[in-house]
2 protein chains.
Amino acid sequence: LETLREDELLALASAALEGLGLPREDALDAARILVMGDLLGIATHGVSRLESYGERLLLGGINARADIRVEKVAATIAKLDGDNGVGTLVGYRALQAAMAMARESGTGIVFARSSNHFGPIAPYNYLAAQEGFASVIGSNSSPTIAPWGGREARVGNSPIGFGIPNPGARPIILDMASSVVARAKIRDALKARESIPETWATDRDGKPTRDPKAALDGFLLPIGGYKGYGLALIVDLFAGVLSGAAYLTRVQSWIDVPEEPQNLGHFFFLVDTARLGDPAWLAERIADFTSLIRSTPLADPSQPIRLPGEIELDRLERHRRDGIPIDVQLRDKMIRFAALKQEKAP
Amino acid sequence: LETLREDELLALASAALEGLGLPREDALDAARILVMGDLLGIATHGVSRLESYGERLLLGGINARADIRVEKVAATIAKLDGDNGVGTLVGYRALQAAMAMARESGTGIVFARSSNHFGPIAPYNYLAAQEGFASVIGSNSSPTIAPWGGREARVGNSPIGFGIPNPGARPIILDMASSVVARAKIRDALKARESIPETWATDRDGKPTRDPKAALDGFLLPIGGYKGYGLALIVDLFAGVLSGAAYLTRVQSWIDVPEEPQNLGHFFFLVDTARLGDPAWLAERIADFTSLIRSTPLADPSQPIRLPGEIELDRLERHRRDGIPIDVQLRDKMIRFAALKQEKAP
């Protein structure tokens with residue numbers, strides 16, 4: 001591990017994307033979200049994603065020279081065509097368009113299509129909150145979950161993120177997928193030779209299982225059973241169906257066919273909280289809200305009660321102060337991507 | 001049980017609210033949501049709620065002559081003061097205000113405060129969908145859930161509902177609370193002397209339990225653990241904090257202090273889908289979406305795969321055709337409430 005400052009990591013990730021063919025400004029905007037992911041400690045969705053983005057850019061599966069177009073169809077609705085660009089670039093531009101509408105009219109929603117994996121959601125919610133916008137942001141994804149009662153993956157483990165600004169203090173951010181756990185936790189159980197709770201996954205026949213091996217051959221279970229399944233469908237209806245993107249099994253897998261466009265969809269909904277009251281009013285209410293939560297008697301005295309996003313925002317502070325730990329192999333990969341530009345130059 | 005036609009039930013519920021002191025037009029609007037609840041088969045949140053609403057109206061805990069005011073603070077944001085009126089009246093008026101803004105500008109959000117229990121959410125999502133609006137609607141509620149890691153109820157089991165219009169066919173509607181199950185299911189297990197899954201509830205010390213009796217003395221668990229806890233907080237932040245209403249433990253219990261205003265809050269967010277494409281475009285996409293779900297191979301051949309809201313929309317059709325079964329004692333209660341008007345007349 002090597003420790004990089006935020007500006008160093010942003011410069012490196014941005015240079016990598018430039019090396020992979022993106023125009024300078026696009027490379028910088030696409031890198032912002034990934035670096036923010038690392039700042040928040042969501043390393044699985046940070047600059048480490050440049051490996052798969054890079055592979056797909058080199059194969060032509062992602063368009064390095066995307067012509068992103070925003071079509072405003074109402075005072076507060078825009079449809080965005082991502083032109084199969086890097087997902088974090090599409091997402092960053094969609095967020096900007098939603099902020100412009102919400103600043104003007106109070107709310108704004110952008111529906112993005114022809115996109116790709118757009119990183120973690122928390123960075124978008126965080127950036128919106130820092131500007132005073134409450135946000136609901138979601139994306140669809142290639143299918144990994146069986147419909148409730150089914151035994152074939154047809155629904156994406158589609159993430160949704162919420163952000164509430166907290167003027168002068170930390171925002172509240174919840175970034176969640178529909179499954180009870182990520183596959184990685186089941187892999188960990190298998191390695192540790194432990195059984196898993198029967199709410200985590202089914203076997204390949206769609207039956208709940210406690211056997212991690214059977215679970216890895218089967219399907220992740222959504223939170224709350226049919227509730228989480230329903231939530232995953234709603235996210236896909238907003239992000240995929242309403243946006244004009246692909247949805248459910250029409251979304252291509254970036255793992256199986258990295259050379260194909262995925263046509264992922266996202267939505268970005270913002271509300272300008274400054275219209276509801278002045279910043280001091282909101283700050284006071286959120287301070288009271290959080291203190292009511294934190295003062296709850298504890299079930300386990302060693303485990304404090306946390307607010308959504310608190311762990312990530314702790315890391316953000318630490319990483320801004322002490323730097324961000326980055327895997328040396330990943331750093332070298334980014335350097336190699338960045339060097340591609342020189343190779344192509346005349 | 002007696003079977004009433006929709007118009008008969010609406011007339012009776014409306015007369016009951018008039019008898020309880022509401023002006024005629026307000027009584028009708030407040031009754032619409034409850035009757036729609038019964039039509040959808042959500043009987044626990046239908047006209048049966050008139051018993052508790054009636055008790056509180058008679059005690060002065062709910063204001064029969066509420067002066068509901070809508071203050072537009074941006075082109076697409078309104079703050080609504082419910083003046084402690086019947087929650088379904090406040091909700092119905094808030095929905096109308098949100099539709100007006102969304103029709104004009106594409107989206108609209110209404111934040112309602114000084115309200116009370118506003119019935120089930122599915123009727124609001126349904127009415128919005130019938131007019132072409134996708135919707136996200138939520139309310140807070142008095143606390144019944146402990147924060148994740150806590151052992152005292154400080155968070156409401158706050159419901160959130162989503163609706164997607166499907167031009168010419170059935171909308172997709174998801175109306176869910178944050179808990180894995182309702183308390184009634186734990187009571188059923190106790191009666192049947194069965195243990196419950198450890199994901200349903202904790203005992204009074206905040207420890208997960210399989211004993212239904214300990215669970216009833218303890219707290220409902222949210223879906224997906226900290227995810228559902230986070231979702232319940234987000235709903236309360238939108239419905240309670242941003243709206244200017246009470247939140248968390250600041251919400252009064254209608255059971256413990258029925259004579260006090262609750263100051264519940266709600267939010268109603270709508271998007272006009274007609275701006276995104278013509279109705280045939282959307283209908284075709286949703287038909288494809290639903291057929292991809294329904295054609296999934298089944299885990300249990302006797303259990304078909306359902307879309308969110310399907311069971312409720314089946315009941316809506318049946319109840320509109322065959323009438324709505326209503327408990328005779330409930331009918332008589334409504335008749336007695338309706339008669340209060342004559343008693344008070346000079």
# chains A, B, ... in the order shown; residues from 1 in each chain; ligands from 1
>>> closest_atom_pairs(of="chain B", to="chain A", cutoff="8 Å", atoms="only C-alpha atoms", output="CSV")
residue,atom,partner,partner_atom,distance
B:Val73,CA,A:Arg275,CA,6.0
B:Ala74,CA,A:Gly106,CA,5.3
B:Ala75,CA,A:Ser105,CA,5.1
B:Thr76,CA,A:Gly106,CA,5.6
B:Ile77,CA,A:Gly106,CA,5.9
B:Lys79,CA,A:Leu276,CA,7.6
B:Ser105,CA,A:Ala75,CA,5.1
B:Gly106,CA,A:Ala74,CA,5.3
B:Thr107,CA,A:Thr76,CA,6.1
B:Gly108,CA,A:Thr107,CA,7.1
B:Ile109,CA,A:Thr107,CA,7.7
B:Pro147,CA,A:Ile293,CA,6.7
B:Trp148,CA,A:Ile305,CA,6.5
B:Gly149,CA,A:Ala299,CA,5.5
B:Gly150,CA,A:Leu298,CA,4.4
B:Arg151,CA,A:Ala299,CA,5.2
B:Glu152,CA,A:Thr296,CA,6.3
B:Arg154,CA,A:Ile293,CA,6.9
B:Phe162,CA,A:Ile234,CA,7.2
B:Ile164,CA,A:Leu237,CA,7.5
B:Leu174,CA,A:Gly230,CA,6.5
B:Met176,CA,A:Lys227,CA,6.8
B:Val180,CA,A:Gly224,CA,5.5
B:Asp205,CA,A:Ala299,CA,5.9
B:Gly206,CA,A:Ala299,CA,5.0
B:Lys207,CA,A:Ala299,CA,6.9
B:Ile223,CA,A:Gly224,CA,4.6
B:Gly224,CA,A:Ile223,CA,4.6
B:Lys227,CA,A:Met176,CA,6.8
B:Gly230,CA,A:Pro308,CA,5.8
B:Leu231,CA,A:Leu174,CA,7.6
B:Ile234,CA,A:Phe162,CA,7.2
B:Leu237,CA,A:Ile164,CA,7.6
B:Val241,CA,A:Arg285,CA,6.5
B:Leu242,CA,A:Leu276,CA,7.1
B:Ser243,CA,A:Leu276,CA,7.7
B:Tyr247,CA,A:Phe289,CA,7.4
B:Leu248,CA,A:Phe289,CA,7.3
B:Thr249,CA,A:Leu292,CA,7.6
B:Thr273,CA,A:Leu242,CA,7.5
B:Arg275,CA,A:Val73,CA,6.0
B:Leu276,CA,A:Leu242,CA,7.1
B:Leu282,CA,A:Leu242,CA,7.5
B:Arg285,CA,A:Val241,CA,6.4
B:Ile286,CA,A:Val241,CA,7.2
B:Phe289,CA,A:Leu248,CA,7.3
B:Leu292,CA,A:Arg154,CA,7.5
B:Ile293,CA,A:Pro147,CA,6.7
B:Thr296,CA,A:Gly150,CA,5.8
B:Pro297,CA,A:Gly150,CA,5.6
B:Leu298,CA,A:Gly150,CA,4.4
B:Ala299,CA,A:Gly150,CA,4.9
B:Asp300,CA,A:Gly149,CA,6.9
B:Gln303,CA,A:Gly149,CA,6.8
B:Pro304,CA,A:Gly149,CA,7.0
B:Ile305,CA,A:Gly149,CA,5.6
B:Arg306,CA,A:Trp148,CA,7.7
B:Leu307,CA,A:Gly230,CA,7.5
B:Pro308,CA,A:Gly230,CA,5.8
>>> residues_around(residues="Leu34 of chain B", least_positions_apart="5", cutoff="8 Å", atoms="only C-alpha atoms", output="list in words")
His45, Gly46, Val47, Arg49, Thr88, Gly119 and Pro120 of chain B
>>> write_last_selection(atoms="C-alpha atoms", output="PDB file, in the first residue's frame")
ATOM      1  CA  HIS B  45     -55.832   0.775   6.862  1.00  0.00           C
ATOM      2  CA  GLY B  46     -59.274   1.337   5.317  1.00  0.00           C
ATOM      3  CA  VAL B  47     -62.520   2.668   6.787  1.00  0.00           C
ATOM      4  CA  ARG B  49     -59.505   3.513  10.847  1.00  0.00           C
ATOM      5  CA  THR B  88     -56.284  11.294   4.781  1.00  0.00           C
ATOM      6  CA  GLY B 119     -54.160   5.834   5.743  1.00  0.00           C
ATOM      7  CA  PRO B 120     -52.343   3.357   3.523  1.00  0.00           C
TER       8      PRO B 120
END
>>> residues_around(residues="Ala215 of chain A", least_positions_apart="3", cutoff="6 Å", atoms="only C-alpha atoms", output="VMD selection string")
chain A and resid 201 to 203 212 218
>>> select_by_dssp(residues="segment 96-221 of chain A", states="strand (DSSP E)", output="PyMOL selection string")
chain A and resi 107-115+133-139+143-145+155-156+160-164+172-176+201-202+219-220
>>> residues_around(residues="Asn116 of chain A", least_positions_apart="2", cutoff="6 Å", atoms="only C-alpha atoms", output="list in words")
Gly87, Phe118 and Leu264 of chain A
>>> atom_distance(atom1="atom CA of Asp327 of chain A", atom2="atom CA of Gly19 of chain A")
19.7 Å
>>> closest_residue(among="B:Met101, B:Leu20, B:Ile42, B:Ala339", to="His319 of chain B", atoms="only C-alpha atoms")
B:Ile42
>>> residues_around(residues="Leu28 of chain A", least_positions_apart="5", cutoff="8 Å", atoms="only C-alpha atoms", output="PyMOL selection string")
chain A and resi 10-11+13-14
>>> write_last_selection(atoms="N, CA and C atoms", output="compact mmCIF listing (two decimals), in the first residue's frame")
# COMPACT_ATOMS: atom_id res chain seq x y z
N LEU A 10 -6.36 12.07 -7.57
CA LEU A 10 -7.22 12.61 -8.63
C LEU A 10 -6.41 12.83 -9.91
N ALA A 11 -5.20 13.35 -9.75
CA ALA A 11 -4.34 13.59 -10.92
C ALA A 11 -3.98 12.27 -11.60
N ALA A 13 -5.63 9.23 -11.38
CA ALA A 13 -6.80 8.58 -11.96
C ALA A 13 -7.23 9.30 -13.23
N SER A 14 -7.13 10.60 -13.19
CA SER A 14 -7.50 11.42 -14.33
C SER A 14 -6.53 11.18 -15.50
